[in-house]
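**Student:** Contents of input.tsv (TSV, C-alpha atoms) are below:
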```
chain	number	residue	atom	x	y	z
T	1	ASP	CA	0.00	0.00	0.00
T	2	GLY	CA	2.83	2.41	-0.78
T	3	HIS	CA	4.40	1.96	2.65
T	4	VAL	CA	7.76	0.35	3.40
T	5	GLU	CA	8.24	-1.49	6.69
T	6	TYR	CA	11.65	-2.12	8.25
T	7	ALA	CA	12.77	-5.65	9.02
T	8	PRO	CA	11.78	-6.76	12.56
T	9	GLY	CA	15.38	-6.54	13.82
T	10	THR	CA	15.69	-2.98	12.53
T	11	VAL	CA	12.42	-2.01	14.21
T	12	GLU	CA	13.72	-3.48	17.48
T	13	ASN	CA	17.07	-1.66	17.14
T	14	LEU	CA	15.35	1.66	16.44
T	15	ASP	CA	13.04	1.21	19.41
T	16	LYS	CA	15.97	0.50	21.72
T	17	CYS	CA	17.88	3.53	20.45
T	18	ARG	CA	14.83	5.76	20.98
T	19	LYS	CA	14.37	4.48	24.54
T	20	ALA	CA	18.08	4.97	25.25
T	21	GLY	CA	17.85	8.56	24.02
T	22	LEU	CA	20.38	7.94	21.24
T	23	MET	CA	18.46	9.83	18.55
T	24	GLY	CA	19.51	13.44	18.01
T	25	MET	CA	22.51	12.93	20.30
T	26	ALA	CA	24.39	16.03	19.14
T	27	MET	CA	21.34	18.30	19.05
T	28	PRO	CA	20.72	20.98	21.74
T	29	ARG	CA	18.55	20.15	24.73
T	30	ARG	CA	15.97	22.76	23.73
T	31	PHE	CA	15.09	20.49	20.78
T	32	GLY	CA	15.08	17.34	22.90
T	33	GLY	CA	18.65	16.26	22.12
T	34	LEU	CA	21.44	15.24	24.49
T	35	ASN	CA	23.62	18.25	23.58
T	36	PHE	CA	26.61	15.92	23.14
T	37	PRO	CA	29.73	17.08	21.31
T	38	ILE	CA	30.47	15.30	18.03
T	39	THR	CA	33.27	13.20	19.57
T	40	PRO	CA	31.12	11.00	21.88
T	41	TYR	CA	28.53	10.74	19.10
T	42	ILE	CA	31.25	9.40	16.79
T	43	MET	CA	32.33	6.99	19.54
T	44	ALA	CA	28.74	5.76	19.72
T	45	ALA	CA	28.70	5.32	15.92
T	46	ASP	CA	31.86	3.21	16.23
T	47	ILE	CA	30.13	0.99	18.82
T	48	VAL	CA	26.82	0.73	16.91
T	49	SER	CA	28.77	-0.31	13.78
T	50	ARG	CA	30.37	-3.20	15.66
T	51	ALA	CA	26.93	-4.53	16.57
T	52	ASP	CA	25.13	-3.96	13.24
T	53	THR	CA	26.89	-2.14	10.43
T	54	GLY	CA	23.82	-1.84	8.22
T	55	PHE	CA	21.77	-0.39	11.05
T	56	GLU	CA	24.44	2.23	11.75
T	57	ASN	CA	23.80	3.53	8.22
T	58	LEU	CA	20.19	4.23	9.23
T	59	TRP	CA	20.88	5.40	12.79
T	60	GLY	CA	23.77	7.60	11.61
T	61	LEU	CA	21.50	9.55	9.27
T	62	GLN	CA	20.48	11.61	12.30
T	63	ASP	CA	23.52	13.56	11.03
T	64	CYS	CA	21.05	15.22	8.65
T	65	ALA	CA	19.60	17.11	11.60
T	66	GLU	CA	22.93	18.93	11.83
T	67	THR	CA	22.22	20.48	8.41
T	68	ILE	CA	18.84	21.71	9.62
T	69	TYR	CA	20.45	23.07	12.79
T	70	GLU	CA	23.12	24.95	10.84
T	71	PHE	CA	21.08	26.35	7.96
T	72	ALA	CA	17.30	26.23	8.57
T	73	ASP	CA	15.28	28.97	10.22
T	74	GLU	CA	14.20	28.76	13.87
T	75	ASP	CA	10.67	27.60	13.05
T	76	GLN	CA	11.98	24.70	10.96
T	77	LYS	CA	14.46	23.75	13.67
T	78	GLN	CA	11.66	23.58	16.23
T	79	ARG	CA	9.42	21.52	13.95
T	80	TYR	CA	11.93	19.04	12.52
T	81	ILE	CA	14.84	18.61	14.94
T	82	THR	CA	12.42	17.79	17.76
T	83	ARG	CA	10.99	15.00	15.60
T	84	VAL	CA	14.46	13.54	15.01
T	85	CYS	CA	15.22	13.68	18.74
T	86	ASN	CA	11.94	11.84	19.35
T	87	GLY	CA	13.13	9.01	17.11
T	88	GLU	CA	11.99	9.80	13.57
T	89	THR	CA	14.44	8.83	10.82
T	90	MET	CA	16.04	10.97	8.10
T	91	SER	CA	17.60	10.62	4.67
T	92	MET	CA	19.59	12.82	2.30
T	93	ASP	CA	18.00	12.52	-1.14
T	94	LEU	CA	20.78	13.42	-3.58
T	95	THR	CA	21.29	10.68	-6.18
T	96	GLU	CA	19.28	10.50	-9.42
T	97	PRO	CA	19.42	8.06	-12.37
T	98	ASP	CA	21.82	10.39	-14.21
T	99	ALA	CA	23.39	12.14	-11.23
T	100	GLY	CA	25.36	10.06	-8.75
T	101	SER	CA	28.73	11.55	-7.91
T	102	ASP	CA	28.08	14.42	-10.37
T	103	LEU	CA	25.56	16.26	-8.21
T	104	GLN	CA	25.70	19.37	-10.41
T	105	SER	CA	23.62	17.35	-12.89
T	106	VAL	CA	20.66	16.97	-10.51
T	107	MET	CA	17.46	17.69	-12.47
T	108	LEU	CA	14.64	17.01	-9.97
T	109	LYS	CA	12.69	20.25	-10.24
T	110	ALA	CA	11.45	22.43	-7.40
T	111	THR	CA	8.75	24.97	-8.24
T	112	GLU	CA	7.64	27.70	-5.85
T	113	GLN	CA	3.88	27.96	-5.45
T	114	PRO	CA	1.87	31.22	-5.11
T	115	ASP	CA	1.43	30.55	-1.37
T	116	GLY	CA	5.20	30.33	-0.86
T	117	THR	CA	5.37	26.54	-0.55
T	118	TRP	CA	7.27	24.36	-3.03
T	119	ARG	CA	6.48	21.32	-5.16
T	120	LEU	CA	9.03	18.73	-6.27
T	121	ASN	CA	8.86	16.91	-9.62
T	122	GLY	CA	11.38	14.32	-10.77
T	123	VAL	CA	13.15	11.15	-9.69
T	124	LYS	CA	15.53	10.28	-6.88
T	125	ARG	CA	17.08	6.81	-6.84
T	126	PHE	CA	19.32	4.64	-4.65
T	127	ILE	CA	18.55	6.72	-1.55
T	128	THR	CA	19.85	5.22	1.70
T	129	ASN	CA	16.86	4.92	4.06
T	130	GLY	CA	14.67	6.34	1.29
T	131	ASP	CA	11.49	5.56	3.27
T	132	SER	CA	12.55	7.85	6.12
T	133	ASP	CA	10.18	10.15	7.97
T	134	ILE	CA	12.03	13.36	7.00
T	135	HIS	CA	13.93	13.93	3.76
T	136	LEU	CA	16.58	16.48	2.87
T	137	VAL	CA	16.16	16.80	-0.90
T	138	LEU	CA	18.57	18.43	-3.35
T	139	ALA	CA	16.56	19.93	-6.20
T	140	ARG	CA	16.90	22.41	-9.05
T	141	SER	CA	15.03	25.57	-8.06
T	142	GLU	CA	16.52	28.09	-10.50
T	143	GLU	CA	14.99	28.08	-13.99
T	144	GLY	CA	17.44	27.74	-16.86
T	145	THR	CA	20.44	26.69	-14.78
T	146	ARG	CA	22.53	23.54	-15.26
T	147	ASP	CA	25.28	23.88	-12.65
T	148	GLY	CA	25.60	23.71	-8.88
T	149	ARG	CA	24.45	27.29	-8.35
T	150	GLY	CA	20.96	26.44	-9.55
T	151	LEU	CA	20.44	23.96	-6.74
T	152	SER	CA	18.77	24.49	-3.38
T	153	MET	CA	18.03	22.12	-0.51
T	154	PHE	CA	14.50	21.08	0.46
T	155	LYS	CA	12.92	18.73	3.00
T	156	ASN	CA	9.66	16.79	3.01
T	157	ALA	CA	7.16	16.73	0.15
T	158	LYS	CA	5.31	19.10	-0.02
T	159	ALA	CA	8.68	20.72	0.16
T	160	GLU	CA	10.03	23.61	2.19
T	161	LEU	CA	13.14	25.60	1.37
T	162	CYS	CA	15.94	24.89	3.82
T	163	GLY	CA	18.27	27.90	4.14
T	164	SER	CA	18.77	30.18	1.13
T	165	ARG	CA	18.26	29.49	-2.56
T	166	ARG	CA	21.22	28.53	-4.78
T	167	LEU	CA	23.36	27.29	-1.87
T	168	GLY	CA	22.04	23.72	-1.76
T	169	LEU	CA	25.06	22.04	-3.31
T	170	ILE	CA	27.90	24.50	-2.95
T	171	LYS	CA	27.36	25.02	0.79
T	172	TYR	CA	24.74	22.79	2.41
T	173	VAL	CA	25.46	19.44	0.75
T	174	MET	CA	29.19	19.97	1.17
T	175	ALA	CA	28.66	20.47	4.91
T	176	LEU	CA	26.30	17.48	5.04
T	177	MET	CA	28.75	15.21	3.21
T	178	ASN	CA	31.62	16.12	5.52
T	179	GLY	CA	29.52	14.87	8.42
T	180	ALA	CA	28.68	11.75	6.43
T	181	ARG	CA	32.38	11.14	5.74
T	182	LEU	CA	33.09	11.21	9.46
T	183	GLY	CA	30.24	8.74	9.93
T	184	ILE	CA	31.76	6.37	7.35
T	185	ALA	CA	35.10	6.67	9.14
T	186	ALA	CA	33.39	5.67	12.40
T	187	GLN	CA	31.65	2.80	10.67
T	188	SER	CA	34.99	1.63	9.27
T	189	VAL	CA	36.63	1.70	12.70
T	190	GLY	CA	33.73	-0.25	14.22
T	191	VAL	CA	33.93	-2.96	11.57
T	192	SER	CA	37.74	-3.07	11.88
T	193	GLU	CA	37.35	-3.59	15.63
T	194	LEU	CA	34.91	-6.44	15.05
T	195	ALA	CA	37.17	-8.05	12.43
T	196	TYR	CA	40.17	-7.83	14.74
T	197	ARG	CA	38.27	-9.42	17.64
T	198	GLU	CA	37.08	-12.26	15.36
T	199	ALA	CA	40.62	-12.84	14.10
T	200	LEU	CA	42.09	-12.75	17.60
T	201	ALA	CA	39.52	-15.22	18.95
T	202	TYR	CA	40.12	-17.56	16.01
T	203	ALA	CA	43.91	-17.39	16.40
T	204	ARG	CA	43.61	-18.30	20.09
T	205	ASP	CA	41.17	-21.14	19.40
T	206	ARG	CA	42.67	-22.72	16.27
T	207	ARG	CA	45.47	-25.21	17.05
T	208	GLN	CA	48.17	-26.65	14.81
T	209	PHE	CA	51.23	-28.73	15.74
T	210	GLY	CA	50.07	-28.84	19.33
T	211	LYS	CA	49.68	-25.12	19.98
T	212	ALA	CA	47.38	-22.17	19.20
T	213	ILE	CA	48.26	-20.51	15.90
T	214	ILE	CA	48.62	-17.14	17.67
T	215	ASP	CA	51.94	-18.52	18.95
T	216	PHE	CA	53.33	-18.68	15.41
T	217	PRO	CA	55.29	-15.48	14.64
T	218	ALA	CA	53.72	-15.03	11.19
T	219	VAL	CA	50.18	-15.12	12.60
T	220	PHE	CA	51.12	-12.95	15.59
T	221	GLU	CA	52.57	-10.36	13.19
T	222	MET	CA	49.34	-10.35	11.13
T	223	LEU	CA	47.34	-9.63	14.28
T	224	SER	CA	49.83	-6.95	15.39
T	225	VAL	CA	49.52	-5.12	12.07
T	226	MET	CA	45.71	-5.34	12.25
T	227	LYS	CA	45.73	-3.88	15.76
T	228	ALA	CA	48.16	-1.11	14.79
T	229	LYS	CA	46.01	-0.07	11.82
T	230	LEU	CA	42.87	-0.25	13.98
T	231	ASP	CA	44.40	1.96	16.68
T	232	ALA	CA	45.74	4.40	14.08
T	233	SER	CA	42.40	4.77	12.32
T	234	ARG	CA	40.55	5.21	15.63
T	235	SER	CA	43.05	7.83	16.84
T	236	LEU	CA	42.70	9.76	13.59
T	237	LEU	CA	38.90	9.50	13.77
T	238	TYR	CA	38.65	10.82	17.33
T	239	GLU	CA	41.17	13.61	16.76
T	240	THR	CA	39.24	14.71	13.66
T	241	ALA	CA	35.99	14.70	15.64
T	242	ARG	CA	37.69	16.82	18.33
T	243	TYR	CA	38.66	19.44	15.73
T	244	VAL	CA	35.08	19.47	14.44
T	245	ASP	CA	33.80	20.01	17.99
T	246	LEU	CA	36.18	22.91	18.58
T	247	TYR	CA	35.25	24.90	15.48
T	248	LYS	CA	31.53	24.14	15.88
T	249	ALA	CA	31.69	25.41	19.46
T	250	TYR	CA	32.84	28.76	18.10
T	251	GLU	CA	30.06	28.68	15.49
T	252	ASP	CA	27.53	28.27	18.31
T	253	ILE	CA	29.08	31.15	20.26
T	254	ALA	CA	28.91	33.29	17.09
T	255	ARG	CA	25.12	32.76	17.04
T	256	GLU	CA	24.94	34.54	20.39
T	257	ARG	CA	27.57	37.26	19.96
T	258	SER	CA	30.37	38.43	17.68
T	259	LEU	CA	33.62	36.50	17.98
T	260	THR	CA	36.78	38.29	18.97
T	261	PRO	CA	39.58	38.38	16.35
T	262	ASP	CA	41.49	35.72	18.32
T	263	GLU	CA	38.42	33.49	18.55
T	264	ARG	CA	37.73	33.85	14.83
T	265	LYS	CA	41.36	32.99	14.07
T	266	GLU	CA	41.18	29.91	16.28
T	267	MET	CA	37.88	28.81	14.72
T	268	LYS	CA	39.41	28.99	11.23
T	269	PHE	CA	42.44	27.04	12.42
T	270	TYR	CA	40.33	24.15	13.75
T	271	SER	CA	38.01	24.29	10.74
T	272	ARG	CA	40.96	23.89	8.37
T	273	ARG	CA	42.29	20.98	10.44
T	274	ALA	CA	38.88	19.30	10.35
T	275	ASP	CA	38.59	19.83	6.57
T	276	ALA	CA	42.03	18.30	6.02
T	277	LEU	CA	41.63	15.31	8.35
T	278	THR	CA	38.03	14.31	7.55
T	279	PRO	CA	38.77	12.78	4.11
T	280	MET	CA	41.94	11.20	5.54
T	281	ALA	CA	39.98	9.56	8.38
T	282	LYS	CA	37.42	8.22	5.91
T	283	GLY	CA	39.97	7.15	3.28
T	284	MET	CA	42.45	5.44	5.60
T	285	GLY	CA	39.80	3.99	7.91
T	286	SER	CA	37.81	2.42	5.08
T	287	GLU	CA	40.97	1.05	3.40
T	288	TYR	CA	42.15	-0.54	6.66
T	289	CYS	CA	38.62	-1.88	7.26
T	290	ASN	CA	38.55	-3.61	3.86
T	291	GLN	CA	42.03	-5.04	4.41
```
Just give me the structure as structure tokens.

**Tutor:**
Amino acid sequence: DGHVEYAPGTVENLDKCRKAGLMGMAMPRRFGGLNFPITPYIMAADIVSRADTGFENLWGLQDCAETIYEFADEDQKQRYITRVCNGETMSMDLTEPDAGSDLQSVMLKATEQPDGTWRLNGVKRFITNGDSDIHLVLARSEEGTRDGRGLSMFKNAKAELCGSRRLGLIKYVMALMNGARLGIAAQSVGVSELAYREALAYARDRRQFGKAIIDFPAVFEMLSVMKAKLDASRSLLYETARYVDLYKAYEDIARERSLTPDERKEMKFYSRRADALTPMAKGMGSEYCNQ
């Protein structure tokens, strides 16, 4: 009947996360969140990934609320972030049949109505958690454009404009994807941890020539390299998350008052560090995970 239902295990996982208050973890308390910094949220993503990697993909999409928090107006924040904190799920609807990595080619059309609302027409495809409760949708709002500057960001159909027109790809999606990259890095570390534990348990249990294979230097070296890469990727992940927390703290302060020149300088410093380390954490973590 046009409705998608999650698998029973996913429903159970979601229910447990709601009851544990793990939805909207990094959102302010005034919206019903835990007001956690990004770092403990990323640690939680690492742990959730160890238990159920596929589920972390769904649970981790609460990241989308960060985009609403950063760029939507106060009314939208009150209406949508509170829903996420209460356990509703989100998705970022970017990909189309002819626009995967090349998001400038997005053609789903957004048309403003006389009453100020918007209507979306077109196709999105291969959307992770595409049956979510709340959707952040990248759509073409500017007539006659074919590049990234004609794109804005919308949520829910009927759609509402999130932030300002023409900034959907060049500002909002870029911010959203950086958060998603950190999430993939956390997922990679969680799976690496699980793989290492499986390997370690097997090496202790499996016996050849009268002793456990962990006692053979070649096997012990394999495990040592796995552990070193695991620790390295986790250290890089947590340090990156710390830099994100530091510059976002200044962004929050800037919403209340003007930053001093020293504060602004420090915010830019941490922001540049976060921008540099985020793709490294994702790239190295996912490579080590696959290995």

**Student:** For CA of Thr39 in chain T and CA of Thr128 in chain T, determine how far apart the two atoms are, in Å to one decimal place.

**Tutor:**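 According to the coordinates, CA of Thr39 in chain T and CA of Thr128 in chain T are separated by 23.7 Å.
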
**Student:** When distances are computed from only C-alpha atoms, which of T:Ala20, T:Ala241, T:Ala45, T:Ala7 shows the smallest separation from Asn178 in chain T?

**Tutor:**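 Answer, going by the shortest atom-to-atom distance: T:Ala241.
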
**Student:** Enter the distance from CA of Val4 in chain T to CA of Trp59 in chain T, in Å, rounded to one decimal.

**Tutor:**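 So the two atoms, CA of Val4 in chain T and CA of Trp59 in chain T, lie 16.9 Å apart.
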
**Student:** Which residue gives the smallest distance to Cys162 in chain T among T:Phe55, T:Tyr270, T:Phe36, T:Tyr69, with only C-alpha atoms counted?

**Tutor:** T:Tyr69

**Student:** Missing atoms in range 49-60 of chain T: can you complete it with all heavy atoms, as a PDB file, keeping the file's coordinate frame?

**Tutor:**
```pdb
ATOM      1  N   SER T  49      28.290   0.392  14.979  1.00  0.00           N
ATOM      2  CA  SER T  49      28.770  -0.310  13.780  1.00  0.00           C
ATOM      3  C   SER T  49      29.266  -1.708  14.094  1.00  0.00           C
ATOM      4  O   SER T  49      29.110  -2.627  13.288  1.00  0.00           O
ATOM      5  CB  SER T  49      29.902   0.485  13.120  1.00  0.00           C
ATOM      6  OG  SER T  49      29.432   1.703  12.631  1.00  0.00           O
ATOM      7  N   ARG T  50      29.882  -1.869  15.267  1.00  0.00           N
ATOM      8  CA  ARG T  50      30.370  -3.200  15.660  1.00  0.00           C
ATOM      9  C   ARG T  50      29.207  -4.174  15.809  1.00  0.00           C
ATOM     10  O   ARG T  50      29.331  -5.358  15.510  1.00  0.00           O
ATOM     11  CB  ARG T  50      31.097  -3.121  16.994  1.00  0.00           C
ATOM     12  CG  ARG T  50      32.475  -2.527  16.921  1.00  0.00           C
ATOM     13  CD  ARG T  50      33.095  -2.549  18.311  1.00  0.00           C
ATOM     14  NE  ARG T  50      33.578  -1.226  18.680  1.00  0.00           N
ATOM     15  CZ  ARG T  50      33.993  -0.908  19.883  1.00  0.00           C
ATOM     16  NH1 ARG T  50      33.967  -1.810  20.855  1.00  0.00           N
ATOM     17  NH2 ARG T  50      34.425   0.313  20.138  1.00  0.00           N
ATOM     18  N   ALA T  51      28.086  -3.662  16.313  1.00  0.00           N
ATOM     19  CA  ALA T  51      26.930  -4.530  16.570  1.00  0.00           C
ATOM     20  C   ALA T  51      26.154  -4.818  15.284  1.00  0.00           C
ATOM     21  O   ALA T  51      25.751  -5.958  15.045  1.00  0.00           O
ATOM     22  CB  ALA T  51      26.013  -3.865  17.591  1.00  0.00           C
ATOM     23  N   ASP T  52      25.945  -3.800  14.461  1.00  0.00           N
ATOM     24  CA  ASP T  52      25.130  -3.960  13.240  1.00  0.00           C
ATOM     25  C   ASP T  52      25.484  -2.839  12.270  1.00  0.00           C
ATOM     26  O   ASP T  52      24.975  -1.724  12.367  1.00  0.00           O
ATOM     27  CB  ASP T  52      23.643  -3.903  13.608  1.00  0.00           C
ATOM     28  CG  ASP T  52      22.728  -4.256  12.438  1.00  0.00           C
ATOM     29  OD1 ASP T  52      23.145  -4.043  11.278  1.00  0.00           O
ATOM     30  OD2 ASP T  52      21.611  -4.740  12.683  1.00  0.00           O
ATOM     31  N   THR T  53      26.354  -3.171  11.334  1.00  0.00           N
ATOM     32  CA  THR T  53      26.890  -2.140  10.430  1.00  0.00           C
ATOM     33  C   THR T  53      25.805  -1.527   9.552  1.00  0.00           C
ATOM     34  O   THR T  53      25.790  -0.324   9.323  1.00  0.00           O
ATOM     35  CB  THR T  53      27.986  -2.755   9.527  1.00  0.00           C
ATOM     36  OG1 THR T  53      28.892  -3.476  10.348  1.00  0.00           O
ATOM     37  CG2 THR T  53      28.730  -1.679   8.774  1.00  0.00           C
ATOM     38  N   GLY T  54      24.895  -2.351   9.055  1.00  0.00           N
ATOM     39  CA  GLY T  54      23.820  -1.840   8.220  1.00  0.00           C
ATOM     40  C   GLY T  54      22.908  -0.893   8.983  1.00  0.00           C
ATOM     41  O   GLY T  54      22.501   0.153   8.478  1.00  0.00           O
ATOM     42  N   PHE T  55      22.625  -1.244  10.229  1.00  0.00           N
ATOM     43  CA  PHE T  55      21.770  -0.390  11.050  1.00  0.00           C
ATOM     44  C   PHE T  55      22.422   0.955  11.331  1.00  0.00           C
ATOM     45  O   PHE T  55      21.748   1.968  11.401  1.00  0.00           O
ATOM     46  CB  PHE T  55      21.399  -1.092  12.359  1.00  0.00           C
ATOM     47  CG  PHE T  55      20.580  -0.233  13.274  1.00  0.00           C
ATOM     48  CD1 PHE T  55      19.249   0.026  12.995  1.00  0.00           C
ATOM     49  CD2 PHE T  55      21.142   0.344  14.401  1.00  0.00           C
ATOM     50  CE1 PHE T  55      18.478   0.829  13.834  1.00  0.00           C
ATOM     51  CE2 PHE T  55      20.390   1.146  15.243  1.00  0.00           C
ATOM     52  CZ  PHE T  55      19.055   1.386  14.953  1.00  0.00           C
ATOM     53  N   GLU T  56      23.746   0.953  11.492  1.00  0.00           N
ATOM     54  CA  GLU T  56      24.440   2.230  11.750  1.00  0.00           C
ATOM     55  C   GLU T  56      24.206   3.207  10.606  1.00  0.00           C
ATOM     56  O   GLU T  56      24.114   4.414  10.827  1.00  0.00           O
ATOM     57  CB  GLU T  56      25.934   1.983  11.951  1.00  0.00           C
ATOM     58  CG  GLU T  56      26.665   3.134  12.630  1.00  0.00           C
ATOM     59  CD  GLU T  56      26.978   4.306  11.725  1.00  0.00           C
ATOM     60  OE1 GLU T  56      27.104   4.093  10.504  1.00  0.00           O
ATOM     61  OE2 GLU T  56      27.099   5.434  12.218  1.00  0.00           O
ATOM     62  N   ASN T  57      24.092   2.670   9.377  1.00  0.00           N
ATOM     63  CA  ASN T  57      23.800   3.530   8.220  1.00  0.00           C
ATOM     64  C   ASN T  57      22.497   4.291   8.422  1.00  0.00           C
ATOM     65  O   ASN T  57      22.379   5.460   8.064  1.00  0.00           O
ATOM     66  CB  ASN T  57      23.678   2.663   6.956  1.00  0.00           C
ATOM     67  CG  ASN T  57      24.790   2.953   5.966  1.00  0.00           C
ATOM     68  OD1 ASN T  57      25.671   3.768   6.219  1.00  0.00           O
ATOM     69  ND2 ASN T  57      24.740   2.286   4.843  1.00  0.00           N
ATOM     70  N   LEU T  58      21.502   3.608   8.986  1.00  0.00           N
ATOM     71  CA  LEU T  58      20.190   4.230   9.230  1.00  0.00           C
ATOM     72  C   LEU T  58      20.256   5.148  10.442  1.00  0.00           C
ATOM     73  O   LEU T  58      19.859   6.310  10.377  1.00  0.00           O
ATOM     74  CB  LEU T  58      19.160   3.113   9.421  1.00  0.00           C
ATOM     75  CG  LEU T  58      17.677   3.451   9.536  1.00  0.00           C
ATOM     76  CD1 LEU T  58      16.856   2.203   9.199  1.00  0.00           C
ATOM     77  CD2 LEU T  58      17.297   3.941  10.919  1.00  0.00           C
ATOM     78  N   TRP T  59      20.783   4.625  11.546  1.00  0.00           N
ATOM     79  CA  TRP T  59      20.880   5.400  12.790  1.00  0.00           C
ATOM     80  C   TRP T  59      21.754   6.637  12.590  1.00  0.00           C
ATOM     81  O   TRP T  59      21.451   7.719  13.093  1.00  0.00           O
ATOM     82  CB  TRP T  59      21.460   4.493  13.879  1.00  0.00           C
ATOM     83  CG  TRP T  59      21.720   5.152  15.190  1.00  0.00           C
ATOM     84  CD1 TRP T  59      20.833   5.360  16.198  1.00  0.00           C
ATOM     85  CD2 TRP T  59      22.974   5.684  15.648  1.00  0.00           C
ATOM     86  NE1 TRP T  59      21.456   5.984  17.258  1.00  0.00           N
ATOM     87  CE2 TRP T  59      22.766   6.198  16.947  1.00  0.00           C
ATOM     88  CE3 TRP T  59      24.261   5.777  15.090  1.00  0.00           C
ATOM     89  CZ2 TRP T  59      23.778   6.791  17.684  1.00  0.00           C
ATOM     90  CZ3 TRP T  59      25.272   6.366  15.834  1.00  0.00           C
ATOM     91  CH2 TRP T  59      25.025   6.866  17.119  1.00  0.00           C
ATOM     92  N   GLY T  60      22.841   6.502  11.813  1.00  0.00           N
ATOM     93  CA  GLY T  60      23.770   7.600  11.610  1.00  0.00           C
ATOM     94  C   GLY T  60      23.217   8.729  10.768  1.00  0.00           C
ATOM     95  O   GLY T  60      23.795   9.834  10.746  1.00  0.00           O
TER      96      GLY T  60
END
```
